[in-house]
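Take a look at the structure set out below.
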Amino acid sequence: MQNPSFTLNPAPPVLGADLVAALRSIVTPHLSDNLNRQRGVVGLTRYNRRGKLVGSALTVKTRPGDNLFIYHAMTLVQPGHVLVVDAGGDLTNACVGEIMKSYLQQRGCAGLIVDGAIRDVAAFENDEFPCYARGHVHRGPYKDGPGEVNVPVNIGGQVIQPGDVIVADEDGIVSFPPSQAEALVQKAREHAAKEERIMAEIASGAARQSWLHPVLEAKNLL
């Protein structure tokens, strides 16, 4: 549905259970390193103190401090969706709080990302429900619009498309098209195995380290 003040597109499909399970075992740095270290969200804070976020983006673009179209998007959430809100990075008014969090959890939402403000911080800190936001403030939202649902959004410098895969942990947030998921899982597993070999080499106490000294020699630093 479209008119000059809003765009409402249908919810994207969610990622398959096998890929979700595989991505849960992969840390975001290993994904980021295999996305040329140029992809990923920056500048948001993790508010949940535990728990891993893996899911598919259901996106909202809203006027800063307004949650009318977030309300609409919440009714579209299916288990496995991550609600991704572009609120312009504004911290004047919170656009999500504890009541909305509870509703999202009841619908099986995988997590919440807000480039804007949340409130009711303790409710997020004392739960495993993943939440990342630009910041928080006590002032509540307006409900006037305009807004758009399931359109490309800009979150912390990263363009996220509806249906993109979202993986987030204590190191941050990465996103990528679902068509890249299987290849990234394989590359990240190889990356993890390489780091295990490096850690074993460090533990060996060898004076010369294969991951360290050749890099310095190539730059004429040894």
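By order of appearance in the structure tokens: chains A, B, ..., then residues from 1 within every chain, and ligands from 1 in the order shown.
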> Which neighbours of Pro64 (chain A) fall inside 7 Å, counting only C-alpha atoms, when residues of the same chain fewer than 2 positions from it are skipped, and could you give them as a PyMOL selection string?
Replying inline: chain A and resi 62+66+87-88+90
Go ahead and write the selection's residues with N, CA and C atoms as a PDB file, in the first residue's frame.
ATOM      1  N   THR A  62      10.949   5.484  10.091  1.00  0.00           N
ATOM      2  CA  THR A  62       9.969   6.316  10.774  1.00  0.00           C
ATOM      3  C   THR A  62      10.518   7.709  11.047  1.00  0.00           C
ATOM      4  N   ASP A  66       8.786   8.869  16.610  1.00  0.00           N
ATOM      5  CA  ASP A  66       7.403   8.496  16.295  1.00  0.00           C
ATOM      6  C   ASP A  66       7.355   6.987  16.074  1.00  0.00           C
ATOM      7  N   ALA A  87      15.177   5.226  12.784  1.00  0.00           N
ATOM      8  CA  ALA A  87      14.553   6.416  13.369  1.00  0.00           C
ATOM      9  C   ALA A  87      15.486   7.616  13.271  1.00  0.00           C
ATOM     10  N   GLY A  88      16.361   7.587  12.282  1.00  0.00           N
ATOM     11  CA  GLY A  88      17.223   8.730  12.006  1.00  0.00           C
ATOM     12  C   GLY A  88      18.317   8.967  13.023  1.00  0.00           C
ATOM     13  N   ASP A  90      17.999   9.637  16.044  1.00  0.00           N
ATOM     14  CA  ASP A  90      17.599  10.705  16.975  1.00  0.00           C
ATOM     15  C   ASP A  90      17.360  10.152  18.375  1.00  0.00           C
TER      16      ASP A  90
END
> Tell me, which residues of region 11-209 of chain A carry DSSP strand (DSSP E or B), written as a PyMOL selection string?
Replying inline: chain A and resi 41+45-46+53-62+66+81-86+94-96+111-118+131-136+142+147-149+153-155+158-160+165-169+172-176
Write out as a compact mmCIF listing (two decimals) with N, CA, C and O atoms, in the first residue's frame the set of residues from region 101-220 of chain A that DSSP, computed on the backbone, places in alpha helix (DSSP H).
# COMPACT_ATOMS: atom_id res chain seq x y z
N LYS A 101 8.32 -4.41 23.53
CA LYS A 101 9.24 -5.55 23.65
C LYS A 101 8.47 -6.82 23.99
O LYS A 101 8.69 -7.88 23.38
N SER A 102 7.56 -6.74 24.96
CA SER A 102 6.80 -7.92 25.37
C SER A 102 5.94 -8.45 24.23
O SER A 102 5.83 -9.68 24.03
N TYR A 103 5.35 -7.55 23.47
CA TYR A 103 4.52 -7.96 22.34
C TYR A 103 5.36 -8.65 21.27
O TYR A 103 4.98 -9.68 20.72
N LEU A 104 6.53 -8.09 20.99
CA LEU A 104 7.42 -8.69 20.00
C LEU A 104 7.85 -10.09 20.43
O LEU A 104 7.90 -11.02 19.62
N GLN A 105 8.18 -10.24 21.71
CA GLN A 105 8.57 -11.56 22.20
C GLN A 105 7.43 -12.56 22.06
O GLN A 105 7.64 -13.71 21.69
N GLN A 106 6.21 -12.11 22.35
CA GLN A 106 5.06 -13.00 22.26
C GLN A 106 4.84 -13.48 20.83
O GLN A 106 4.38 -14.60 20.59
N VAL A 121 15.02 0.71 30.08
CA VAL A 121 16.29 0.02 29.87
C VAL A 121 16.41 -1.24 30.72
O VAL A 121 16.91 -2.28 30.25
N ALA A 122 15.97 -1.19 31.97
CA ALA A 122 16.12 -2.35 32.85
C ALA A 122 15.41 -3.58 32.29
O ALA A 122 15.89 -4.71 32.45
N ALA A 123 14.29 -3.38 31.62
CA ALA A 123 13.56 -4.51 31.05
C ALA A 123 14.38 -5.22 29.98
O ALA A 123 14.27 -6.44 29.81
N PHE A 124 15.20 -4.47 29.25
CA PHE A 124 16.05 -5.07 28.23
C PHE A 124 17.31 -5.69 28.85
O PHE A 124 17.75 -6.76 28.44
N GLU A 125 17.86 -5.01 29.84
CA GLU A 125 19.10 -5.50 30.46
C GLU A 125 18.88 -6.81 31.21
O GLU A 125 19.81 -7.62 31.30
N ALA A 181 24.42 -16.39 2.62
CA ALA A 181 24.51 -17.00 3.95
C ALA A 181 25.31 -18.29 3.94
O ALA A 181 26.19 -18.49 4.79
N GLU A 182 25.02 -19.20 3.03
CA GLU A 182 25.70 -20.49 3.05
C GLU A 182 27.20 -20.33 2.83
O GLU A 182 28.00 -20.97 3.53
N ALA A 183 27.59 -19.49 1.87
CA ALA A 183 29.02 -19.29 1.60
C ALA A 183 29.70 -18.64 2.80
O ALA A 183 30.84 -19.01 3.15
N LEU A 184 29.03 -17.70 3.46
CA LEU A 184 29.62 -17.04 4.62
C LEU A 184 29.79 -18.00 5.79
O LEU A 184 30.78 -17.92 6.53
N VAL A 185 28.85 -18.89 5.98
CA VAL A 185 28.98 -19.89 7.03
C VAL A 185 30.23 -20.72 6.81
O VAL A 185 31.03 -20.94 7.74
N GLN A 186 30.44 -21.17 5.58
CA GLN A 186 31.62 -21.98 5.29
C GLN A 186 32.91 -21.18 5.49
O GLN A 186 33.87 -21.66 6.11
N LYS A 187 32.95 -19.94 4.99
CA LYS A 187 34.15 -19.12 5.14
C LYS A 187 34.43 -18.81 6.60
O LYS A 187 35.58 -18.81 7.04
N ALA A 188 33.38 -18.55 7.37
CA ALA A 188 33.57 -18.24 8.79
C ALA A 188 34.08 -19.46 9.56
O ALA A 188 34.90 -19.32 10.47
N ARG A 189 33.62 -20.64 9.19
CA ARG A 189 34.11 -21.85 9.85
C ARG A 189 35.59 -22.06 9.54
O ARG A 189 36.38 -22.45 10.42
N GLU A 190 35.98 -21.80 8.30
CA GLU A 190 37.40 -21.91 7.93
C GLU A 190 38.22 -20.87 8.69
O GLU A 190 39.35 -21.15 9.13
N HIS A 191 37.65 -19.68 8.85
CA HIS A 191 38.31 -18.61 9.59
C HIS A 191 38.53 -19.03 11.05
O HIS A 191 39.61 -18.81 11.62
N ALA A 192 37.51 -19.62 11.64
CA ALA A 192 37.62 -20.06 13.04
C ALA A 192 38.69 -21.14 13.18
O ALA A 192 39.47 -21.14 14.16
N ALA A 193 38.74 -22.05 12.23
CA ALA A 193 39.76 -23.11 12.28
C ALA A 193 41.16 -22.52 12.16
O ALA A 193 42.10 -22.97 12.85
N LYS A 194 41.32 -21.52 11.31
CA LYS A 194 42.62 -20.85 11.17
C LYS A 194 43.03 -20.20 12.48
O LYS A 194 44.19 -20.32 12.92
N GLU A 195 42.10 -19.54 13.15
CA GLU A 195 42.43 -18.88 14.42
C GLU A 195 42.76 -19.91 15.51
O GLU A 195 43.59 -19.64 16.38
N GLU A 196 42.12 -21.06 15.46
CA GLU A 196 42.46 -22.12 16.42
C GLU A 196 43.90 -22.57 16.22
O GLU A 196 44.62 -22.82 17.20
N ARG A 197 44.33 -22.68 14.97
CA ARG A 197 45.72 -23.06 14.69
C ARG A 197 46.69 -21.99 15.20
O ARG A 197 47.75 -22.31 15.75
N ILE A 198 46.33 -20.72 15.03
CA ILE A 198 47.18 -19.63 15.52
C ILE A 198 47.28 -19.67 17.05
O ILE A 198 48.37 -19.52 17.62
N MET A 199 46.14 -19.90 17.71
CA MET A 199 46.17 -19.97 19.17
C MET A 199 47.04 -21.14 19.66
O MET A 199 47.76 -21.02 20.66
N ALA A 200 47.00 -22.24 18.94
CA ALA A 200 47.85 -23.38 19.30
C ALA A 200 49.32 -23.05 19.09
O ALA A 200 50.18 -23.45 19.90
N GLU A 201 49.63 -22.29 18.03
CA GLU A 201 51.01 -21.89 17.78
C GLU A 201 51.51 -20.95 18.87
O GLU A 201 52.65 -21.08 19.34
N ILE A 202 50.67 -20.03 19.31
CA ILE A 202 51.04 -19.14 20.42
C ILE A 202 51.30 -19.96 21.68
O ILE A 202 52.29 -19.74 22.38
N ALA A 203 50.42 -20.92 21.95
CA ALA A 203 50.56 -21.75 23.15
C ALA A 203 51.83 -22.60 23.11
O ALA A 203 52.36 -22.98 24.17
N SER A 204 52.33 -22.86 21.90
CA SER A 204 53.55 -23.68 21.79
C SER A 204 54.78 -22.95 22.29
O SER A 204 55.81 -23.57 22.59
N HIS A 213 55.40 -12.73 12.27
CA HIS A 213 56.69 -12.26 11.76
C HIS A 213 56.72 -12.02 10.25
O HIS A 213 57.31 -11.03 9.81
N PRO A 214 56.10 -12.85 9.43
CA PRO A 214 56.11 -12.55 7.98
C PRO A 214 55.45 -11.22 7.64
O PRO A 214 55.85 -10.53 6.70
N VAL A 215 54.43 -10.83 8.40
CA VAL A 215 53.75 -9.55 8.17
C VAL A 215 54.73 -8.40 8.43
O VAL A 215 54.84 -7.45 7.63
N LEU A 216 55.46 -8.47 9.53
CA LEU A 216 56.41 -7.43 9.86
C LEU A 216 57.57 -7.40 8.88
O LEU A 216 58.05 -6.31 8.47
N GLU A 217 58.03 -8.57 8.45
CA GLU A 217 59.13 -8.65 7.48
C GLU A 217 58.74 -8.05 6.15
O GLU A 217 59.54 -7.35 5.50
N ALA A 218 57.50 -8.28 5.73
CA ALA A 218 57.03 -7.74 4.45
C ALA A 218 57.00 -6.21 4.44
O ALA A 218 57.07 -5.57 3.40
>> One number please: CA of Val85 (chain A) to CA of Cys131 (chain A), in Å, one decimal.
In response: 11.3 Å
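The residue that comes closest to Pro162 (chain A), out of A:His81, A:Lys219, A:Arg208, A:Lys52 and on the basis of only C-alpha atoms, is A:His81.
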